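Here is model.txt, consisting of compact mmCIF, C-alpha atoms:
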```
# COMPACT_ATOMS: atom_id res chain seq x y z
CA MET A 1 7.56 -10.97 18.46
CA ASP A 2 10.17 -9.38 20.69
CA PRO A 3 10.18 -5.65 19.81
CA ALA A 4 13.94 -5.52 20.41
CA ARG A 5 14.32 -7.76 17.34
CA ILE A 6 12.56 -5.22 15.10
CA THR A 7 13.95 -2.00 13.63
CA ALA A 8 11.42 0.54 12.41
CA VAL A 9 12.86 2.32 9.36
CA VAL A 10 11.71 5.77 8.26
CA LEU A 11 13.01 7.70 5.23
CA THR A 12 12.88 11.46 5.69
CA LYS A 13 13.41 14.78 3.96
CA ASP A 14 12.08 17.82 5.82
CA GLU A 15 9.41 15.80 7.64
CA ALA A 16 9.34 17.73 10.92
CA ALA A 17 5.56 18.21 10.66
CA ASN A 18 5.04 14.43 10.56
CA MET A 19 7.79 12.96 12.72
CA GLU A 20 6.25 13.26 16.19
CA SER A 21 3.02 11.47 15.33
CA CYS A 22 4.73 8.89 13.11
CA LEU A 23 7.33 7.82 15.67
CA ALA A 24 4.87 7.97 18.55
CA SER A 25 2.68 5.43 16.72
CA LEU A 26 5.40 2.75 16.57
CA PRO A 27 5.25 -0.29 18.85
CA GLN A 28 6.99 0.41 22.12
CA GLY A 29 10.43 -1.13 22.40
CA VAL A 30 11.34 -1.34 18.70
CA ARG A 31 14.58 0.20 17.52
CA ILE A 32 14.24 3.18 15.21
CA LEU A 33 16.43 4.00 12.21
CA VAL A 34 15.90 7.25 10.32
CA LEU A 35 17.64 7.64 6.98
CA ASP A 36 17.55 11.36 6.34
CA ALA A 37 18.12 13.03 2.97
CA GLU A 38 19.80 16.16 4.34
CA SER A 39 16.77 17.78 5.94
CA THR A 40 16.95 21.49 6.70
CA ASP A 41 14.20 21.54 9.35
CA GLN A 42 13.92 19.84 12.76
CA THR A 43 13.43 16.32 11.38
CA ARG A 44 16.66 14.89 12.75
CA ALA A 45 16.31 16.56 16.15
CA ILE A 46 12.81 15.15 16.60
CA ALA A 47 13.97 11.68 15.58
CA GLU A 48 16.85 11.79 18.05
CA ARG A 49 14.48 12.83 20.86
CA HIS A 50 12.59 9.60 20.14
CA GLY A 51 15.81 7.60 20.51
CA ALA A 52 16.30 7.00 16.79
CA LEU A 53 19.60 6.28 15.14
CA VAL A 54 19.85 8.92 12.41
CA GLU A 55 21.94 8.43 9.29
CA VAL A 56 22.29 11.25 6.76
CA ARG A 57 22.97 10.69 3.08
CA PRO A 58 22.17 12.55 -0.16
CA TRP A 59 18.94 11.54 -1.85
CA GLN A 60 19.50 9.06 -4.69
CA GLY A 61 15.98 7.76 -5.20
CA PHE A 62 13.44 5.65 -3.32
CA VAL A 63 14.86 2.25 -4.19
CA ALA A 64 18.46 3.21 -3.40
CA ALA A 65 17.40 4.76 -0.09
CA ARG A 66 15.41 1.74 1.06
CA ARG A 67 18.19 -0.65 0.12
CA ALA A 68 20.72 1.50 1.96
CA ALA A 69 18.47 1.58 5.01
CA LEU A 70 18.00 -2.18 5.00
CA ALA A 71 21.77 -2.63 4.93
CA LEU A 72 22.02 -0.58 8.15
CA VAL A 73 19.45 -2.64 10.07
CA GLN A 74 21.08 -4.83 12.73
CA THR A 75 17.99 -6.73 13.87
CA PRO A 76 16.44 -9.80 12.22
CA TRP A 77 13.27 -7.90 11.32
CA ALA A 78 12.59 -4.48 9.79
CA LEU A 79 9.35 -2.49 9.78
CA PHE A 80 9.27 0.08 6.98
CA VAL A 81 7.05 3.08 7.68
CA ASP A 82 6.80 6.35 5.75
CA ALA A 83 6.91 9.61 7.69
CA ASP A 84 3.32 10.41 6.68
CA GLU A 85 2.01 7.07 7.98
CA ARG A 86 0.71 6.08 11.42
CA LEU A 87 0.07 2.67 13.00
CA ASP A 88 -3.23 2.31 14.81
CA ALA A 89 -3.34 0.53 18.17
CA ARG A 90 -4.63 -2.71 16.67
CA LEU A 91 -1.73 -2.87 14.22
CA ARG A 92 0.81 -2.15 16.96
CA ASP A 93 -0.59 -5.02 19.01
CA ALA A 94 -0.64 -7.33 15.99
CA ILE A 95 3.05 -6.70 15.30
CA LEU A 96 4.03 -7.60 18.84
CA ALA A 97 1.80 -10.70 18.72
CA ALA A 98 3.21 -11.91 15.37
CA SER A 99 5.22 -15.12 15.22
CA GLU A 100 8.77 -15.09 13.87
CA SER A 101 8.45 -18.66 12.69
CA ALA A 102 5.09 -18.39 10.91
CA ALA A 103 6.18 -16.16 8.02
CA ASP A 104 9.11 -14.41 6.39
CA GLY A 105 7.07 -11.24 5.97
CA TYR A 106 3.83 -9.65 7.10
CA GLU A 107 1.48 -7.49 5.08
CA VAL A 108 -0.30 -4.54 6.62
CA LEU A 109 -3.47 -2.92 5.32
CA ARG A 110 -2.94 0.74 4.45
CA THR A 111 -5.77 3.23 4.10
CA THR A 112 -4.96 6.56 2.49
CA GLU A 113 -6.59 9.76 3.65
CA PHE A 114 -7.53 12.35 1.04
CA CYS A 115 -8.63 15.86 1.97
CA GLY A 116 -9.08 14.91 5.61
CA ARG A 117 -11.01 11.64 5.26
CA PRO A 118 -9.94 8.01 4.79
CA MET A 119 -10.69 6.58 1.36
CA ARG A 120 -12.70 3.37 1.00
CA GLY A 121 -12.42 2.70 -2.74
CA ALA A 122 -10.29 3.34 -5.84
CA GLY A 123 -7.58 1.05 -4.45
CA TRP A 124 -6.82 3.47 -1.61
CA GLY A 125 -8.68 1.62 1.13
CA ALA A 126 -7.22 -1.44 2.88
CA GLU A 127 -4.33 -1.68 0.40
CA PRO A 128 -2.11 -4.71 1.31
CA LEU A 129 1.59 -3.86 1.54
CA LEU A 130 4.51 -6.00 2.71
CA ARG A 131 6.11 -3.88 5.43
CA LEU A 132 7.28 -6.15 8.28
CA LEU A 133 10.19 -8.10 6.81
CA ARG A 134 12.74 -10.72 7.72
CA CYS A 135 15.82 -8.82 6.59
CA ASP A 136 17.69 -11.74 5.06
CA ARG A 137 14.70 -12.96 3.05
CA VAL A 138 13.57 -9.95 1.03
CA ARG A 139 14.45 -7.96 -2.05
CA LEU A 140 13.17 -4.65 -3.35
CA GLN A 141 11.74 -4.08 -6.81
CA ALA A 142 10.52 -0.89 -8.48
CA HIS A 143 7.02 -0.89 -9.98
CA PRO A 144 6.58 2.36 -11.93
CA ALA A 145 2.88 2.77 -12.62
CA ALA A 146 3.40 3.75 -16.26
CA GLY A 147 6.19 1.29 -17.02
CA GLY A 148 9.75 2.30 -17.84
CA ALA A 149 12.84 2.21 -15.68
CA ALA A 150 12.02 4.76 -12.96
CA GLU A 151 12.79 3.54 -9.44
CA LEU A 152 9.40 4.43 -8.03
CA HIS A 153 6.38 2.77 -6.39
CA GLU A 154 8.75 0.12 -5.07
CA ARG A 155 7.58 -3.11 -3.41
CA TRP A 156 9.27 -5.61 -1.13
CA ILE A 157 9.24 -9.22 -2.30
CA THR A 158 10.01 -12.38 -0.35
CA PRO A 159 10.08 -15.99 -1.63
CA GLY A 160 8.90 -17.28 1.72
CA PRO A 161 5.44 -17.34 3.30
CA VAL A 162 3.65 -14.05 3.88
CA ALA A 163 0.92 -13.48 6.48
CA ARG A 164 -1.32 -10.49 7.13
CA LEU A 165 -1.60 -8.39 10.26
CA GLN A 166 -4.81 -6.97 11.67
CA GLY A 167 -5.16 -3.23 12.09
CA THR A 168 -4.61 -0.23 9.84
CA LEU A 169 -1.63 1.72 8.59
CA GLU A 170 -3.01 5.25 8.25
CA HIS A 171 -1.55 7.12 5.28
CA ARG A 172 -1.93 10.89 5.65
CA SER A 173 -0.19 11.99 2.50
CA TYR A 174 -2.81 14.24 0.88
CA PRO A 175 -4.43 16.64 3.38
CA THR A 176 -5.33 19.07 0.56
CA LEU A 177 -5.84 19.04 -3.20
CA ALA A 178 -2.67 21.12 -3.53
CA ASP A 179 -0.66 18.39 -1.75
CA TYR A 180 -2.04 15.77 -4.11
CA ARG A 181 -1.29 17.85 -7.21
CA ARG A 182 2.24 18.56 -6.03
CA LYS A 183 3.00 14.87 -5.56
CA PHE A 184 1.26 14.02 -8.84
CA ARG A 185 3.58 16.43 -10.66
CA ARG A 186 6.65 15.13 -8.87
CA TYR A 187 5.96 11.43 -9.43
CA THR A 188 4.98 11.81 -13.07
CA GLU A 189 8.20 13.74 -13.70
CA ILE A 190 10.27 11.01 -12.03
CA GLU A 191 8.57 8.32 -14.12
CA ALA A 192 8.96 10.32 -17.33
CA ALA A 193 12.70 10.60 -16.69
CA GLY A 194 12.95 6.80 -16.77
CA MET A 195 11.08 6.37 -20.03
CA GLY A 196 11.89 6.98 -23.67
CA PRO A 197 9.49 9.12 -25.74
CA SER A 198 6.85 7.29 -27.78
CA PRO A 199 3.90 9.02 -29.46
CA ALA A 200 2.17 5.66 -29.88
CA ARG A 201 2.42 4.85 -26.16
CA ALA A 202 1.21 8.34 -25.27
CA LEU A 203 -1.86 8.01 -27.50
CA GLY A 204 -2.58 4.54 -26.18
CA ALA A 205 -2.34 5.65 -22.55
CA LEU A 206 -4.60 8.63 -23.13
CA ALA A 207 -7.13 6.49 -25.00
CA LEU A 208 -7.34 4.13 -22.03
CA ALA A 209 -7.81 6.92 -19.48
CA ALA A 210 -11.62 7.09 -19.71
CA PRO A 211 -12.30 3.32 -19.46
CA ARG A 212 -9.73 3.03 -16.66
CA ALA A 213 -11.38 5.85 -14.72
CA LEU A 214 -14.77 4.14 -15.12
CA TRP A 215 -13.32 0.83 -13.92
CA LEU A 216 -11.75 2.47 -10.86
CA TYR A 217 -14.98 4.28 -10.07
CA THR A 218 -17.31 1.31 -10.49
CA GLY A 219 -15.20 -1.84 -10.19
CA ARG A 220 -12.81 -0.60 -7.51
CA GLY A 221 -15.40 1.26 -5.48
CA GLY A 222 -14.40 4.86 -6.13
CA TRP A 223 -18.11 5.75 -5.99
CA ARG A 224 -18.04 5.09 -2.26
CA ASP A 225 -16.00 8.24 -1.63
CA GLY A 226 -18.17 10.80 -3.42
CA TRP A 227 -16.38 13.63 -5.21
CA ARG A 228 -13.06 12.58 -3.64
CA GLY A 229 -13.38 9.15 -5.19
CA ALA A 230 -14.30 10.59 -8.58
CA TYR A 231 -11.30 12.93 -8.47
CA VAL A 232 -8.84 10.20 -7.48
CA CYS A 233 -10.20 7.82 -10.13
CA ALA A 234 -9.87 10.45 -12.84
CA MET A 235 -6.35 11.49 -11.87
CA SER A 236 -5.16 7.89 -11.41
CA ALA A 237 -6.51 7.04 -14.86
CA LEU A 238 -4.73 10.03 -16.40
CA TYR A 239 -1.44 9.30 -14.64
CA PRO A 240 0.12 6.98 -17.31
CA GLY A 241 -0.84 9.37 -20.09
CA VAL A 242 0.66 12.34 -18.26
CA VAL A 243 3.88 10.39 -17.79
CA GLN A 244 4.00 9.59 -21.51
CA LEU A 245 3.36 13.23 -22.48
CA LYS A 246 6.12 14.42 -20.16
CA ALA A 247 8.47 11.83 -21.68
CA LEU A 248 7.62 13.21 -25.13
CA ARG A 249 8.34 16.73 -23.95
CA ARG A 250 11.65 15.67 -22.43
CA GLY A 251 12.58 13.92 -25.70
CA ALA A 252 11.72 17.00 -27.74
CA GLY A 253 13.90 19.15 -25.52
CA ALA A 254 16.88 16.78 -25.60
```

Take the structure I supplied and represent it as structure tokens, if you would.
Amino acid sequence: MDPARITAVVLTKDEAANMESCLASLPQGVRILVLDAESTDQTRAIAERHGALVEVRPWQGFVAARRAALALVQTPWALFVDADERLDARLRDAILAASESAADGYEVLRTTEFCGRPMRGAGWGAEPLLRLLRCDRVRLQAHPAAGGAAELHERWITPGPVARLQGTLEHRSYPTLADYRRKFRRYTEIEAAGMGPSPARALGALALAAPRALWLYTGRGGWRDGWRGAYVCAMSALYPGVVQLKALRRGAGA
């Protein structure tokens, strides 16, 4: 695939600490578009040094931002990368070797790092995500983990054929427990805002937390990551219940 026919898209908000390594990991020759949500650090300056086109707009949510970014892409293909992600060399080579005619989209395998080490289980190792897209053949859909109408955990969808690229997309989102807890609080609050209060749903979600944690730990391989796997399995299992409790609290305060 000709890199000049690909635009790498990165959404940013105060991502100066991540920008250098993220942009440096992109395949050489691709165009770069950064949609920035009014950063107050050096995010935009770093992006411009890497030759990126930088567009600034107020933050209106993940789905709205990705759709707006796609509308700005002027190449046939777009590669969506988060600022806390890196492409390894094998993935860079696979993108450039991909065929435009073989598929309308390409999945990459993302591995998330937690407390300094890549995860192997709990759904955080080799997670397939559609990220290299033919721009005129995709749509974006939110997939909130706890249900509801929140525009979160969005996924690209294409009706055409999808292939998979070799290599790894390295996700470095949680270097410390504090980082994980901060994002856990933020995402559960966003999901709760898109959901009506329901005591029955809250009780049901909490009742399922223990069996879900056990399934993640045993069936999805969380045991392979020691205490990190146990922690992620427990928190992932609690996530829907926390969303429901926050929705109840929001409803009580309305």

For this session: Might you pull out every residue within 12 Å of segment 35-39 of chain A, with all atoms listed in the file counted and same-chain residues fewer than 5 positions away left off, and present them as a PyMOL selection string?
Result: chain A and resi 8-16+19+44-48+52-62+64-73+80-83

Problem set entry | Answer as a ChimeraX atom specification, residues within 9 Å of (3.6, -6.0, 6.4) using only C-alpha atoms | /A:79-80,95,105-109,128-133,162-165

Exercise. Atom CA of Thr7 of chain A and atom CA of Gln74 of chain A are how many Å apart?
Worked result: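 The value is 7.7 Å.
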
Exercise. Nearest to Cys233 of chain A among A:Arg250, A:Arg31, A:His153, A:Arg212, with distances taken over only C-alpha atoms: which residue is it?
Worked result: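 Among A:Arg250, A:Arg31, A:His153, A:Arg212, it is A:Arg212 that comes nearest to Cys233 of chain A.
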
Exercise. Counting only C-alpha atoms, which of A:Gly125, A:Gly116, A:Gly229, A:Pro161 gets nearest to Arg137 of chain A?
Worked result: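 Counting only C-alpha atoms, the residue closest to Arg137 of chain A is A:Pro161.
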
Exercise. Quick one: of A:Met1, A:Met119, A:Ile190, A:Ala17, who's nearest to Gly29 of chain A, counting all atoms listed in the file?
Worked result: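 Looking only at the distances to Gly29 of chain A, the closest residue turns out to be A:Met1.
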
Problem set entry | Polymer residues at most 8 Å from (12.4, -12.3, 5.3) by all atoms listed in the file, as number ranges by chain | A: 77, 103-105, 133-138, 158, 160

Problem set entry | From A:Asp41, A:Asp179, A:Glu191, A:Glu100, residue lying nearest Ala149 of chain A [all atoms listed in the file] |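 Comparing A:Asp41, A:Asp179, A:Glu191, A:Glu100 against Ala149 of chain A, the winner is A:Glu191.
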
Problem set entry | Which residue of A:Gly123, A:Arg201, A:Val63, A:Gly51 approaches His143 of chain A most closely, using only C-alpha atoms |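 Smallest separation from His143 of chain A among the options: A:Val63.
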
Exercise. What gap, in Å, lies between atom CA of Glu170 of chain A and atom CA of Trp156 of chain A?
Worked result: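 Calculated distance between atom CA of Glu170 of chain A and atom CA of Trp156 of chain A is 18.9 Å.
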
Problem set entry | Given all atoms listed in the file as the counted atoms, nearest of A:Leu203, A:Ala247, A:Gly147, A:Asp84 to Ser173 of chain A | A:Asp84

For this session: Please indicate the distance in Å from atom CA of Trp223 of chain A to atom CA of Cys115 of chain A, rounded to one decimal place.
Result: 16.0 Å

Problem set entry | Neighbour list for Leu206 of chain A as an MDAnalysis selection string, cut-off 12 Å, only C-alpha atoms, skip fewer than 4 positions in-chain | chainID A and resid 146 199:202 210:213 234:245

Write a file of the just-selected residues containing C-alpha atoms, as an mmCIF file, in the coordinates of the input.
```
data_model
loop_
_atom_site.group_PDB
_atom_site.id
_atom_site.type_symbol
_atom_site.label_atom_id
_atom_site.label_comp_id
_atom_site.auth_asym_id
_atom_site.auth_seq_id
_atom_site.Cartn_x
_atom_site.Cartn_y
_atom_site.Cartn_z
ATOM 1 C CA ALA A 146 3.400 3.750 -16.260
ATOM 2 C CA PRO A 199 3.900 9.020 -29.460
ATOM 3 C CA ALA A 200 2.170 5.660 -29.880
ATOM 4 C CA ARG A 201 2.420 4.850 -26.160
ATOM 5 C CA ALA A 202 1.210 8.340 -25.270
ATOM 6 C CA ALA A 210 -11.620 7.090 -19.710
ATOM 7 C CA PRO A 211 -12.300 3.320 -19.460
ATOM 8 C CA ARG A 212 -9.730 3.030 -16.660
ATOM 9 C CA ALA A 213 -11.380 5.850 -14.720
ATOM 10 C CA ALA A 234 -9.870 10.450 -12.840
ATOM 11 C CA MET A 235 -6.350 11.490 -11.870
ATOM 12 C CA SER A 236 -5.160 7.890 -11.410
ATOM 13 C CA ALA A 237 -6.510 7.040 -14.860
ATOM 14 C CA LEU A 238 -4.730 10.030 -16.400
ATOM 15 C CA TYR A 239 -1.440 9.300 -14.640
ATOM 16 C CA PRO A 240 0.120 6.980 -17.310
ATOM 17 C CA GLY A 241 -0.840 9.370 -20.090
ATOM 18 C CA VAL A 242 0.660 12.340 -18.260
ATOM 19 C CA VAL A 243 3.880 10.390 -17.790
ATOM 20 C CA GLN A 244 4.000 9.590 -21.510
ATOM 21 C CA LEU A 245 3.360 13.230 -22.480
#
```
